[in-house]
>>> print(open('work_1.cif').read())   # mmCIF, C-alpha atoms
data_model
#
loop_
_atom_site.label_atom_id
_atom_site.label_comp_id
_atom_site.auth_asym_id
_atom_site.auth_seq_id
_atom_site.Cartn_x
_atom_site.Cartn_y
_atom_site.Cartn_z
CA MET A 1 16.88 5.01 14.35
CA LEU A 2 13.68 4.33 12.43
CA ASP A 3 12.35 7.87 12.81
CA THR A 4 15.65 9.20 11.52
CA ALA A 5 15.69 6.71 8.65
CA ILE A 6 12.12 7.60 7.68
CA ARG A 7 12.92 11.31 7.68
CA MET A 8 16.23 11.01 5.82
CA PHE A 9 15.01 8.55 3.16
CA SER A 10 11.96 10.77 2.67
CA GLU A 11 14.03 13.92 2.28
CA ARG A 12 17.04 12.59 0.37
CA GLY A 13 15.84 9.45 -1.35
CA TRP A 14 17.56 6.13 -1.78
CA SER A 15 21.00 7.77 -2.06
CA VAL A 16 21.22 8.56 1.66
CA GLY A 17 23.81 6.36 3.34
CA VAL A 18 23.50 4.21 6.42
CA ARG A 19 26.49 6.01 7.96
CA GLU A 20 24.65 9.32 7.55
CA ILE A 21 21.48 7.90 9.11
CA ALA A 22 23.47 6.41 12.00
CA ALA A 23 25.29 9.68 12.66
CA GLU A 24 22.06 11.67 12.59
CA ALA A 25 20.41 9.13 14.94
CA GLY A 26 23.37 9.29 17.33
CA VAL A 27 24.27 5.62 17.00
CA SER A 28 27.13 3.78 15.39
CA PHE A 29 27.08 2.39 11.88
CA GLU A 30 27.64 -1.04 13.43
CA THR A 31 24.54 -0.65 15.63
CA VAL A 32 22.36 -0.02 12.57
CA TYR A 33 23.79 -3.04 10.75
CA ALA A 34 23.50 -5.25 13.84
CA LYS A 35 19.80 -4.38 14.10
CA PHE A 36 18.83 -4.35 10.41
CA GLY A 37 21.57 -6.18 8.52
CA SER A 38 21.55 -3.95 5.44
CA LYS A 39 20.45 -0.62 4.06
CA THR A 40 17.65 -2.42 2.20
CA ARG A 41 16.31 -4.05 5.39
CA LEU A 42 16.52 -0.72 7.25
CA PHE A 43 14.56 0.97 4.47
CA LEU A 44 11.93 -1.79 4.30
CA THR A 45 11.37 -1.67 8.05
CA ALA A 46 11.15 2.14 7.99
CA PHE A 47 8.71 1.98 5.06
CA ASP A 48 6.39 -0.50 6.78
CA VAL A 49 6.36 1.57 9.99
CA ALA A 50 5.65 4.78 8.08
CA VAL A 51 2.70 3.31 6.17
CA VAL A 52 0.73 2.48 9.31
CA GLY A 53 2.30 5.12 11.57
CA ASP A 54 3.70 2.81 14.25
CA ASP A 55 5.44 -0.52 14.74
CA GLN A 56 2.39 -2.43 15.99
CA PRO A 57 1.63 -5.59 13.98
CA VAL A 58 -1.90 -4.49 13.03
CA PRO A 59 -2.76 -4.50 9.31
CA LEU A 60 -3.97 -1.21 7.84
CA VAL A 61 -7.41 -2.64 7.02
CA ASP A 62 -7.92 -3.46 10.73
CA ARG A 63 -7.10 0.05 11.96
CA SER A 64 -9.69 2.62 13.00
CA GLY A 65 -8.90 5.02 10.14
CA PHE A 66 -9.72 2.30 7.64
CA THR A 67 -12.79 0.96 9.39
CA ALA A 68 -14.17 4.54 9.61
CA MET A 69 -14.94 4.23 5.90
CA SER A 70 -17.78 1.86 6.83
CA ALA A 71 -19.59 4.31 9.14
CA GLY A 72 -21.86 7.24 8.37
CA ASP A 73 -23.29 8.39 5.07
CA ARG A 74 -21.39 8.24 1.77
CA ARG A 75 -19.92 11.74 2.16
CA GLU A 76 -18.67 10.91 5.68
CA ARG A 77 -17.20 7.62 4.45
CA ALA A 78 -15.48 9.36 1.51
CA ALA A 79 -14.13 12.03 3.88
CA ALA A 80 -12.76 9.31 6.17
CA GLY A 81 -11.03 7.66 3.23
CA ALA A 82 -9.58 10.95 2.03
CA ALA A 83 -8.32 11.75 5.53
CA LEU A 84 -6.66 8.35 5.79
CA ALA A 85 -5.00 8.70 2.38
CA ALA A 86 -3.73 12.20 3.21
CA GLU A 87 -2.39 11.01 6.56
CA ILE A 88 -0.56 8.01 5.08
CA TYR A 89 0.80 9.85 2.06
CA GLY A 90 1.95 12.72 4.26
CA ARG A 91 4.23 10.18 5.95
CA THR A 92 5.17 8.05 2.95
CA THR A 93 5.34 10.00 -0.32
CA GLY A 94 9.07 10.63 0.00
CA LEU A 95 9.59 7.00 0.93
CA TYR A 96 7.67 5.86 -2.16
CA ARG A 97 9.97 8.08 -4.24
CA ALA A 98 13.01 6.49 -2.57
CA LEU A 99 11.51 3.02 -3.08
CA ARG A 100 11.04 3.65 -6.79
CA GLU A 101 14.63 4.94 -7.03
CA GLY A 102 16.07 1.95 -5.19
CA ALA A 103 13.91 -0.58 -7.04
CA SER A 104 15.77 0.14 -10.25
CA SER A 105 18.92 -1.48 -8.85
CA ASP A 106 17.79 -3.65 -5.92
CA THR A 107 15.65 -6.72 -6.56
CA GLU A 108 14.36 -6.84 -2.97
CA LEU A 109 13.16 -3.24 -3.28
CA ALA A 110 11.65 -3.98 -6.69
CA ALA A 111 9.68 -6.83 -5.12
CA LYS A 112 8.59 -4.53 -2.25
CA LEU A 113 7.41 -1.88 -4.72
CA ALA A 114 5.36 -4.44 -6.64
CA GLU A 115 3.92 -5.78 -3.38
CA ALA A 116 3.17 -2.26 -2.10
CA TYR A 117 1.25 -1.41 -5.29
CA ARG A 118 -0.61 -4.74 -5.15
CA ARG A 119 -1.58 -4.15 -1.52
CA GLN A 120 -2.50 -0.52 -2.19
CA ARG A 121 -4.66 -1.60 -5.13
CA SER A 122 -6.46 -4.17 -2.99
CA ASP A 123 -6.89 -1.76 -0.06
CA VAL A 124 -8.30 0.95 -2.34
CA ARG A 125 -10.84 -1.52 -3.76
CA THR A 126 -11.88 -2.55 -0.24
CA ALA A 127 -12.10 1.09 0.85
CA GLY A 128 -14.01 2.09 -2.27
CA GLU A 129 -16.53 -0.67 -1.70
CA ALA A 130 -16.96 0.45 1.92
CA VAL A 131 -17.55 4.03 0.79
CA ALA A 132 -19.87 3.03 -2.08
CA GLY A 133 -21.73 0.42 -0.04
CA ARG A 134 -21.54 -1.99 -2.97
CA THR A 135 -19.14 -4.03 -5.07
CA LEU A 136 -17.11 -1.90 -7.48
CA THR A 137 -16.61 -2.73 -11.13
CA ASP A 138 -13.01 -3.33 -12.17
CA ASP A 139 -12.94 0.02 -14.00
CA GLU A 140 -14.21 1.85 -10.90
CA ALA A 141 -11.68 0.14 -8.66
CA GLU A 142 -8.76 0.73 -11.03
CA GLY A 143 -9.73 4.38 -11.60
CA LEU A 144 -10.04 4.95 -7.89
CA TRP A 145 -6.65 3.33 -7.32
CA ALA A 146 -5.07 5.67 -9.87
CA VAL A 147 -6.62 8.75 -8.24
CA ILE A 148 -5.82 7.61 -4.69
CA SER A 149 -2.13 7.12 -5.36
CA THR A 150 1.05 8.46 -3.86
CA GLU A 151 1.94 9.91 -7.23
CA VAL A 152 -1.21 12.06 -7.44
CA TYR A 153 -0.75 13.16 -3.82
CA ASP A 154 2.87 14.08 -4.58
CA LEU A 155 1.87 16.07 -7.66
CA LEU A 156 -0.87 18.03 -5.90
CA VAL A 157 0.59 18.56 -2.43
CA ASN A 158 4.34 18.59 -2.96
CA ASN A 159 4.50 20.01 -6.47
CA ALA A 160 1.35 22.13 -6.93
CA GLY A 161 1.49 23.34 -3.32
CA TRP A 162 -1.95 22.18 -2.18
CA SER A 163 -2.59 22.04 1.56
CA GLN A 164 -3.53 18.78 3.23
CA SER A 165 -7.08 20.05 3.73
CA ARG A 166 -7.45 21.05 0.06
CA TYR A 167 -6.20 17.60 -0.99
CA ARG A 168 -8.56 15.83 1.46
CA ASP A 169 -11.58 17.82 0.24
CA TRP A 170 -10.68 17.26 -3.42
CA LEU A 171 -10.11 13.54 -2.88
CA ALA A 172 -13.41 13.06 -1.03
CA ASP A 173 -15.32 14.90 -3.77
CA THR A 174 -13.47 13.06 -6.55
CA THR A 175 -14.12 9.71 -4.89
CA LEU A 176 -17.84 10.43 -4.74
CA ARG A 177 -17.90 11.51 -8.39
CA LEU A 178 -16.01 8.39 -9.49
CA LEU A 179 -18.35 6.13 -7.57
CA GLY A 180 -21.44 7.75 -9.02
CA PRO A 181 -24.84 8.16 -7.39
CA ALA A 182 -25.73 6.09 -4.35
#
>>> encode(input="work_1.cif", output="structure tokens")
Amino acid sequence: MLDTAIRMFSERGWSVGVREIAAEAGVSFETVYAKFGSKTRLFLTAFDVAVVGDDQPVPLVDRSGFTAMSAGDRRERAAAGAALAAEIYGRTTGLYRALREGASSDTELAAKLAEAYRRQRSDVRTAGEAVAGRTLTDDEAEGLWAVISTEVYDLLVNNAGWSQSRYRDWLADTTLRLLGPA
């Protein structure tokens, strides 16, 4: 059910119905509601699973892709961060679009969007400091957060037609430029 929900919310946005998701997943509408209770809860569960790539209760900052930003030289750390961002946004950009759509009319989704941006902002600062090997200024952290955003990924990959590898290379180089000399 969750894989189907992730795919359908990503492709069709917040407007996709639970009945459509249930039919596509080969389960009854009642089964979905018994497990999740509402469309909002189904979406929020799907979103959380998509961000980290599985349903294990391990925070992103404790996962190997994140901790890889603390190993190697600055270029290797920046490349690890860019690879992680590309991987996550490849799974979640459509869900972020759906979340922004739904947040305009659902207070629980609006709260999730605010929390997702807060967490993303914090994670980007932590990642940037791992890559830089030092504490970032607020301007550096905020600028990095803006560049390493789902919106920029969406513009470059889904709208401008960049490949994942072009995006990863650009993001690693841009990160290094934003952080300045070692």
>>> resolve_selection(input="work_1.cif", expression="the PyMOL selection byres ((chain A and resi 12-14) around 10)", output="list in words")
Ile6, Arg7, Met8, Phe9, Ser10, Glu11, Ser15, Val16, Gly17, Lys39, Thr40, Phe43, Gly94, Leu95, Tyr96, Arg97, Ala98, Leu99, Arg100, Glu101, Gly102 and Ala103 of chain A
>>> residues_around(input="work_1.cif", residues="A:Arg168", least_positions_apart="3", cutoff="7 Å", atoms="only C-alpha atoms", output="PyMOL selection string")
chain A and resi 82-83+86+164-165+171-172
>>> closest_residue(input="work_1.cif", among="A:Leu136, A:Val157, A:Ile148, A:Leu109", to="A:Leu42", atoms="only C-alpha atoms")
A:Leu109
>>> resolve_selection(input="work_1.cif", expression="the PyMOL selection byres ((chain A and resi 134) around 12)", output="list of chain:residue names")
A:Ser70, A:Arg74, A:Arg125, A:Thr126, A:Ala127, A:Gly128, A:Glu129, A:Ala130, A:Val131, A:Ala132, A:Gly133, A:Thr135, A:Leu136, A:Thr137, A:Glu140, A:Ala141, A:Leu179, A:Gly180, A:Pro181, A:Ala182
>>> atom_distance(input="work_1.cif", atom1="atom CA of A:Ala78", atom2="atom CA of A:Leu156")
18.5 Å
>>> resolve_selection(input="work_1.cif", expression="the PyMOL selection byres ((chain A and resi 90) around 10)", output="list of chain:residue names")
A:Ala50, A:Val51, A:Leu84, A:Ala85, A:Ala86, A:Glu87, A:Ile88, A:Tyr89, A:Arg91, A:Thr92, A:Thr93, A:Gly94, A:Thr150, A:Tyr153, A:Asp154, A:Val157, A:Asn158, A:Gln164
>>> closest_residue(input="work_1.cif", among="A:Val27, A:Leu2, A:Asp138, A:Ser163", to="A:Asp54", atoms="all atoms listed in the file")
A:Leu2
>>> atom_distance(input="work_1.cif", atom1="atom CA of A:Leu155", atom2="atom CA of A:Asp106")
25.4 Å
>>> residues_around(input="work_1.cif", residues="A:Val32", least_positions_apart="3", cutoff="9 Å", atoms="all atoms listed in the file", output="list in words")
Met1, Val18, Arg19, Ile21, Ala22, Val27, Ser28, Phe29, Lys35, Phe36, Gly37, Ser38, Lys39 and Leu42 of chain A
>>> axis_aligned_box(input="work_1.cif", around="stretch 14-32 of chain A", padding_each_side="8 Å", output="lines of an AutoDock Vina configuration file")
center_x = 22.6
center_y = 5.3
center_z = 7.6
size_x = 26.1
size_y = 28.7
size_z = 35.4
>>> atom_distance(input="work_1.cif", atom1="atom CA of A:Ser64", atom2="atom CA of A:Asp139")
27.3 Å
>>> build_atoms(input="work_1.cif", residues="stretch 126-137 of chain A", atoms="all heavy atoms", output="JSON list (two decimals), keeping the file's coordinate frame")
[["chain", "number", "residue", "atom", "x", "y", "z"],
["A", 126, "THR", "N", -11.13, -2.29, -1.48],
["A", 126, "THR", "CA", -11.88, -2.55, -0.24],
["A", 126, "THR", "C", -12.45, -1.26, 0.31],
["A", 126, "THR", "O", -13.63, -1.20, 0.70],
["A", 126, "THR", "CB", -10.97, -3.24, 0.80],
["A", 126, "THR", "OG1", -10.48, -4.47, 0.25],
["A", 126, "THR", "CG2", -11.71, -3.51, 2.09],
["A", 127, "ALA", "N", -11.64, -0.21, 0.35],
["A", 127, "ALA", "CA", -12.10, 1.09, 0.85],
["A", 127, "ALA", "C", -13.20, 1.66, -0.04],
["A", 127, "ALA", "O", -14.21, 2.16, 0.46],
["A", 127, "ALA", "CB", -10.92, 2.06, 0.94],
["A", 128, "GLY", "N", -13.01, 1.58, -1.34],
["A", 128, "GLY", "CA", -14.01, 2.09, -2.27],
["A", 128, "GLY", "C", -15.34, 1.39, -2.12],
["A", 128, "GLY", "O", -16.41, 2.01, -2.19],
["A", 129, "GLU", "N", -15.30, 0.08, -1.90],
["A", 129, "GLU", "CA", -16.53, -0.67, -1.70],
["A", 129, "GLU", "C", -17.20, -0.30, -0.38],
["A", 129, "GLU", "O", -18.43, -0.24, -0.30],
["A", 129, "GLU", "CB", -16.25, -2.17, -1.81],
["A", 129, "GLU", "CG", -15.93, -2.55, -3.25],
["A", 129, "GLU", "CD", -15.58, -4.00, -3.47],
["A", 129, "GLU", "OE1", -15.36, -4.76, -2.49],
["A", 129, "GLU", "OE2", -15.53, -4.40, -4.66],
["A", 130, "ALA", "N", -16.39, 0.00, 0.65],
["A", 130, "ALA", "CA", -16.96, 0.45, 1.92],
["A", 130, "ALA", "C", -17.64, 1.80, 1.74],
["A", 130, "ALA", "O", -18.76, 2.02, 2.23],
["A", 130, "ALA", "CB", -15.87, 0.53, 3.00],
["A", 131, "VAL", "N", -16.98, 2.70, 1.02],
["A", 131, "VAL", "CA", -17.55, 4.03, 0.79],
["A", 131, "VAL", "C", -18.81, 3.93, -0.07],
["A", 131, "VAL", "O", -19.85, 4.54, 0.23],
["A", 131, "VAL", "CB", -16.52, 4.98, 0.15],
["A", 131, "VAL", "CG1", -17.17, 6.27, -0.33],
["A", 131, "VAL", "CG2", -15.38, 5.27, 1.12],
["A", 132, "ALA", "N", -18.74, 3.15, -1.15],
["A", 132, "ALA", "CA", -19.87, 3.03, -2.08],
["A", 132, "ALA", "C", -21.01, 2.22, -1.50],
["A", 132, "ALA", "O", -22.17, 2.38, -1.91],
["A", 132, "ALA", "CB", -19.40, 2.40, -3.39],
["A", 133, "GLY", "N", -20.71, 1.31, -0.58],
["A", 133, "GLY", "CA", -21.73, 0.42, -0.04],
["A", 133, "GLY", "C", -22.14, -0.66, -1.03],
["A", 133, "GLY", "O", -23.26, -1.17, -0.96],
["A", 134, "ARG", "N", -21.25, -0.98, -1.95],
["A", 134, "ARG", "CA", -21.54, -1.99, -2.97],
["A", 134, "ARG", "C", -20.21, -2.47, -3.56],
["A", 134, "ARG", "O", -19.16, -1.90, -3.33],
["A", 134, "ARG", "CB", -22.41, -1.42, -4.07],
["A", 134, "ARG", "CG", -21.77, -0.27, -4.83],
["A", 134, "ARG", "CD", -22.61, 0.21, -6.00],
["A", 134, "ARG", "NE", -22.07, 1.42, -6.61],
["A", 134, "ARG", "CZ", -21.03, 1.46, -7.43],
["A", 134, "ARG", "NH1", -20.39, 0.35, -7.75],
["A", 134, "ARG", "NH2", -20.61, 2.62, -7.94],
["A", 135, "THR", "N", -20.31, -3.53, -4.36],
["A", 135, "THR", "CA", -19.14, -4.03, -5.07],
["A", 135, "THR", "C", -18.81, -3.08, -6.23],
["A", 135, "THR", "O", -19.71, -2.63, -6.94],
["A", 135, "THR", "CB", -19.43, -5.44, -5.63],
["A", 135, "THR", "OG1", -19.76, -6.30, -4.52],
["A", 135, "THR", "CG2", -18.24, -6.00, -6.37],
["A", 136, "LEU", "N", -17.54, -2.77, -6.39],
["A", 136, "LEU", "CA", -17.11, -1.90, -7.48],
["A", 136, "LEU", "C", -16.83, -2.71, -8.74],
["A", 136, "LEU", "O", -16.39, -3.86, -8.65],
["A", 136, "LEU", "CB", -15.83, -1.15, -7.11],
["A", 136, "LEU", "CG", -15.87, -0.23, -5.91],
["A", 136, "LEU", "CD1", -14.52, 0.47, -5.74],
["A", 136, "LEU", "CD2", -16.98, 0.80, -6.03],
["A", 137, "THR", "N", -17.06, -2.11, -9.88],
["A", 137, "THR", "CA", -16.61, -2.73, -11.13],
["A", 137, "THR", "C", -15.09, -2.62, -11.18],
["A", 137, "THR", "O", -14.48, -1.82, -10.46],
["A", 137, "THR", "CB", -17.20, -2.01, -12.36],
["A", 137, "THR", "OG1", -16.63, -0.70, -12.45],
["A", 137, "THR", "CG2", -18.72, -1.95, -12.30]]
